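Student: Okay, so here is structure-v4.txt, and as you'll see once you scroll down, it has compact mmCIF, C-alpha atoms.
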# COMPACT_ATOMS: atom_id res chain seq x y z
CA MET A 138 1.07 36.85 5.48
CA ARG A 139 -2.10 34.82 5.97
CA LYS A 140 -1.75 31.82 8.24
CA PRO A 141 -2.43 28.59 6.28
CA ARG A 142 -5.38 26.49 7.34
CA ASN A 143 -4.70 23.03 8.68
CA SER A 144 -5.94 20.00 6.79
CA GLN A 145 -8.84 19.47 9.17
CA SER A 146 -10.34 22.87 8.49
CA ALA A 147 -9.53 23.13 4.79
CA SER A 148 -13.10 22.65 3.67
CA ALA A 149 -14.61 24.53 6.60
CA GLY A 150 -13.59 27.98 5.32
CA LYS A 151 -14.75 29.43 2.03
CA ALA A 152 -12.99 31.73 -0.34
CA THR A 153 -14.69 35.08 -0.51
CA ASP A 154 -16.55 35.96 -3.67
CA LEU A 155 -13.39 37.34 -5.18
CA PRO A 156 -13.95 37.84 -8.90
CA LEU A 157 -11.32 35.88 -10.81
CA ASP A 158 -10.15 37.21 -14.14
CA GLN A 159 -8.24 35.17 -16.72
CA THR A 160 -4.86 36.16 -15.22
CA ASP A 161 -5.95 35.00 -11.75
CA ARG A 162 -7.07 31.73 -13.27
CA LYS A 163 -3.70 31.32 -15.02
CA ILE A 164 -1.91 31.91 -11.72
CA LEU A 165 -4.10 29.39 -9.90
CA SER A 166 -3.69 26.84 -12.68
CA ALA A 167 0.09 27.21 -12.72
CA LEU A 168 0.37 26.92 -8.93
CA ARG A 169 -2.04 23.97 -8.94
CA ASN A 170 0.38 22.16 -11.23
CA ASN A 171 3.55 23.27 -9.42
CA GLY A 172 3.32 25.04 -6.08
CA ARG A 173 7.11 25.39 -5.96
CA LEU A 174 7.36 27.86 -8.84
CA THR A 175 9.43 30.89 -7.98
CA MET A 176 7.69 34.22 -8.39
CA ALA A 177 9.89 34.87 -11.44
CA GLU A 178 8.87 31.55 -13.02
CA LEU A 179 5.21 32.09 -12.21
CA ALA A 180 5.24 35.64 -13.56
CA GLN A 181 6.84 34.47 -16.80
CA GLU A 182 4.36 31.62 -17.18
CA VAL A 183 1.32 33.86 -16.77
CA GLY A 184 2.69 36.84 -18.69
CA LEU A 185 3.17 39.36 -15.89
CA SER A 186 6.11 41.09 -14.29
CA GLN A 187 7.06 39.86 -10.83
CA SER A 188 5.59 42.68 -8.77
CA PRO A 189 2.00 42.52 -10.14
CA CYS A 190 2.19 38.71 -10.04
CA TRP A 191 3.27 38.80 -6.37
CA THR A 192 0.43 41.23 -5.58
CA ARG A 193 -2.12 38.94 -7.23
CA VAL A 194 -0.79 35.83 -5.44
CA LYS A 195 -0.98 37.61 -2.06
CA ARG A 196 -4.56 38.71 -2.85
CA LEU A 197 -5.49 35.14 -3.85
CA GLU A 198 -3.96 33.82 -0.61
CA ALA A 199 -5.69 36.45 1.53
CA SER A 200 -9.07 35.74 -0.09
CA GLY A 201 -8.77 32.00 0.55
CA ALA A 202 -8.68 31.11 -3.16
CA ILE A 203 -5.25 29.62 -2.37
CA GLU A 204 -5.75 27.69 0.86
CA ARG A 205 -2.23 26.38 1.42
CA TYR A 206 0.86 24.95 -0.23
CA VAL A 207 1.59 21.25 0.31
CA ALA A 208 3.71 18.31 -0.78
CA ILE A 209 1.51 15.52 -2.12
CA LEU A 210 2.83 12.20 -0.91
CA ASP A 211 2.63 8.93 -2.77
CA HIS A 212 0.93 6.63 -0.26
CA ARG A 213 2.62 3.60 -1.82
CA ALA A 214 6.03 5.15 -1.16
CA VAL A 215 5.22 5.54 2.54
CA GLY A 216 3.87 1.99 2.88
CA LEU A 217 0.13 2.68 2.58
CA PRO A 218 -0.80 1.41 -0.89
CA ASN A 219 -4.47 0.65 -0.21
CA THR A 220 -7.27 3.20 -0.28
CA VAL A 221 -10.54 2.38 1.44
CA PHE A 222 -13.76 4.38 1.32
CA VAL A 223 -15.85 4.00 4.45
CA GLU A 224 -19.50 5.02 4.62
CA VAL A 225 -20.45 5.80 8.21
CA THR A 226 -23.91 6.27 9.70
CA LEU A 227 -24.25 7.83 13.15
CA ASP A 228 -26.85 7.17 15.84
CA ARG A 229 -27.47 10.87 16.40
CA HIS A 230 -27.33 13.89 14.12
CA ASP A 231 -27.30 16.82 16.50
CA GLU A 232 -24.57 19.46 16.21
CA ARG A 233 -22.57 18.11 19.14
CA ALA A 234 -22.52 14.53 17.81
CA LEU A 235 -21.41 15.73 14.36
CA GLU A 236 -18.68 17.96 15.83
CA GLU A 237 -17.35 15.24 18.13
CA PHE A 238 -17.30 12.64 15.35
CA GLY A 239 -15.57 15.04 12.96
CA ALA A 240 -12.95 15.95 15.57
CA ALA A 241 -12.29 12.29 16.36
CA LEU A 242 -11.83 11.48 12.65
CA ALA A 243 -9.39 14.38 12.29
CA ARG A 244 -7.14 12.80 14.93
CA ILE A 245 -6.83 9.44 13.14
CA PRO A 246 -3.67 9.40 10.99
CA GLU A 247 -5.00 6.93 8.39
CA VAL A 248 -7.95 9.21 7.58
CA VAL A 249 -6.99 11.16 4.46
CA GLU A 250 -10.37 12.83 3.88
CA ALA A 251 -13.72 12.91 5.65
CA HIS A 252 -16.89 14.45 4.28
CA LEU A 253 -20.29 15.01 5.88
CA VAL A 254 -22.65 13.98 3.08
CA THR A 255 -26.30 13.66 2.14
CA GLY A 256 -27.92 10.35 1.27
CA ASP A 257 -28.07 6.94 2.92
CA TYR A 258 -25.10 7.52 5.24
CA ASP A 259 -23.68 10.51 7.12
CA TYR A 260 -19.95 10.49 6.35
CA LEU A 261 -17.74 9.35 3.52
CA VAL A 262 -14.25 8.71 4.84
CA LYS A 263 -11.15 8.05 2.71
CA VAL A 264 -8.54 5.96 4.49
CA ALA A 265 -4.97 4.95 3.51
CA VAL A 266 -3.76 1.60 4.88
CA ALA A 267 -1.03 -0.97 4.28
CA GLY A 268 -3.47 -3.83 3.66
CA THR A 269 -6.39 -5.74 5.09
CA GLU A 270 -4.71 -6.45 8.44
CA HIS A 271 -3.92 -2.78 8.88
CA TYR A 272 -7.47 -1.90 7.91
CA GLU A 273 -8.92 -4.33 10.45
CA ARG A 274 -6.68 -2.78 13.12
CA PHE A 275 -7.81 0.71 12.02
CA LEU A 276 -11.46 -0.36 12.43
CA ARG A 277 -11.03 -2.01 15.83
CA GLU A 278 -8.53 0.39 17.41
CA SER A 279 -9.56 3.70 15.89
CA LEU A 280 -12.84 4.00 14.04
CA TYR A 281 -15.04 1.76 16.18
CA ARG A 282 -13.77 3.43 19.36
CA ILE A 283 -15.56 6.61 18.33
CA ALA A 284 -18.89 6.77 20.15
CA GLY A 285 -22.11 7.01 18.18
CA ILE A 286 -21.43 4.91 15.09
CA ARG A 287 -24.52 2.93 14.10
CA HIS A 288 -23.23 1.36 10.89
CA SER A 289 -20.29 1.39 8.51
CA ARG A 290 -19.63 -0.06 5.09
CA SER A 291 -16.22 -0.31 3.45
CA THR A 292 -15.11 -0.37 -0.17
CA PHE A 293 -11.49 -1.03 -1.18
CA ALA A 294 -10.36 0.95 -4.21
CA LEU A 295 -8.75 -1.21 -6.90
CA ARG A 296 -6.97 1.70 -8.60
CA ALA A 297 -7.37 5.43 -8.96
CA LEU A 298 -8.66 6.50 -12.36
CA LYS A 299 -8.18 10.18 -11.56
CA SER A 300 -6.63 11.87 -8.58
CA SER A 301 -6.27 15.60 -8.14
CA ILE A 302 -6.40 17.99 -5.24
CA SER A 303 -8.40 20.71 -6.95
CA VAL A 304 -10.01 21.60 -10.25
CA ASP A 305 -8.09 23.53 -12.90
CA PRO A 306 -9.69 26.99 -12.95
CA LEU A 307 -8.73 27.41 -16.61
CA LEU A 308 -10.82 24.38 -17.58
CA VAL A 309 -13.90 24.90 -15.39
CA ARG A 310 -16.22 27.77 -16.14
CA ASP A 311 -17.18 30.14 -13.36
CA GLN A 312 -20.60 28.95 -12.13
CA ARG A 313 -21.47 32.02 -10.07
With the file now loaded, output its structure as C-alpha cells.
Tutor:
Amino acid sequence: MRKPRNSQSASAGKATDLPLDQTDRKILSALRNNGRLTMAELAQEVGLSQSPCWTRVKRLEASGAIERYVAILDHRAVGLPNTVFVEVTLDRHDERALEEFGAALARIPEVVEAHLVTGDYDYLVKVAVAGTEHYERFLRESLYRIAGIRHSRSTFALRALKSSISVDPLLVRDQR
C-alpha cells in the first residue's frame, strides 16, 4: 500500500498522467464526497463489482490521483472560528529562503494552507484562529519570528461562500 503524503507535501507531488475514464471519475467523485465508503458501497455506487473497484482504487492511490484520506474538521467546533488570509512578501527569493520559509510555516499549527504564488506578494497563507487576540499572538509569536519577512497584509474572512478540498472530477472536464 502506498504511504500517504503528509499535509505539508500534499501539493508538492503530482499525480502521474494517468488517463481517467468515466468509471475512475465516478470513483473519485464518490470518495471525494465520502471517503469512508466501504468497498462494497463504493462498487455499488459506481456500478462495478468489488474486485475491479478495489483494483481501480489501488491504481488511483498508487498514481497519486488519491493523495490521502482525511477527516475534515469544523474549525468552529475546535474553537478556531476565524479564518485569516495573510499575504507575505519575503526579503529574498532564492531557493534556500523559500525552502526555509515554507518549512517554518509548515510547523505552525494555525496555518491551514500556504501557497507560493505569483503577483505582488510571495505567499498566501490561510490561518485558523480563535479571534483577534489569538491572531495577534500568532503574528508576534509565530509568523514574525520567521526570518526574512519584509511585509505582510491580513484579511479576515467574514464567511465562506464555498469550501471544498478538491474539485469533483465528474463536473470538471479533463484539460489535458
Student: Using Å and a single decimal, report how far atom CA of A:Leu165 sits from atom CA of A:Thr220.
Tutor: 28.1 Å
Student: Within 8 Å of (-25.1, 2.2, 16.6), only C-alpha atoms: residues as number ranges by chain?
Tutor: A: 227-228, 285-288
Student: Distance atom CA of A:Asp305-atom CA of A:Arg205, one decimal place?
Tutor: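 Those two atoms sit 15.7 Å apart.
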Student: What separation in Å, quoted to one decimal, exists between atom CA of A:Ile209 and atom CA of A:Trp191?
Tutor: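 Atom CA of A:Ile209 sits 23.7 Å away from atom CA of A:Trp191.
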Student: Can you pull out the residues contacting A:Arg296? Cut-off 12 Å, using only C-alpha atoms, and skip same-chain residues under 6 positions away; I want them as a compact mmCIF listing (two decimals) with C-alpha atoms, keeping the file's coordinate frame.
Tutor:
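Produced file selection_25.txt, reproduced below:
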# COMPACT_ATOMS: atom_id res chain seq x y z
CA ARG A 213 2.62 3.60 -1.82
CA PRO A 218 -0.80 1.41 -0.89
CA ASN A 219 -4.47 0.65 -0.21
CA THR A 220 -7.27 3.20 -0.28
CA VAL A 221 -10.54 2.38 1.44
Student: Show me, as a list of chain:residue names, the residues that have an atom within 8 Å of stretch 258-269 of chain A when counting only C-alpha atoms, minus same-chain residues fewer than 2 positions from it.
Tutor: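 In the requested form, the answer reads A:His212, A:Gly216, A:Leu217, A:Pro218, A:Asn219, A:Thr220, A:Val221, A:Phe222, A:Val223, A:Glu224, A:Val225, A:Thr226, A:Leu227, A:Glu247, A:Val248, A:Val249, A:Glu250, A:Ala251, A:His252, A:Leu253, A:Val254, A:Thr255, A:Gly256, A:His271, A:Tyr272, A:Glu273.
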Student: From the set A:Arg193, A:Arg290, A:Arg173, A:Arg162, which residue has the shortest atom-to-atom contact distance to A:Asp257, counting all atoms listed in the file?
Tutor: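 Selected residue with least distance to A:Asp257: A:Arg290.
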Student: Between A:Ala202, A:Val207, A:Leu185, A:Ala240, which is the closest to A:Ile302 once you count all atoms listed in the file?
Tutor: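 Of A:Ala202, A:Val207, A:Leu185, A:Ala240, the one nearest A:Ile302 is A:Val207, counting all atoms listed in the file.
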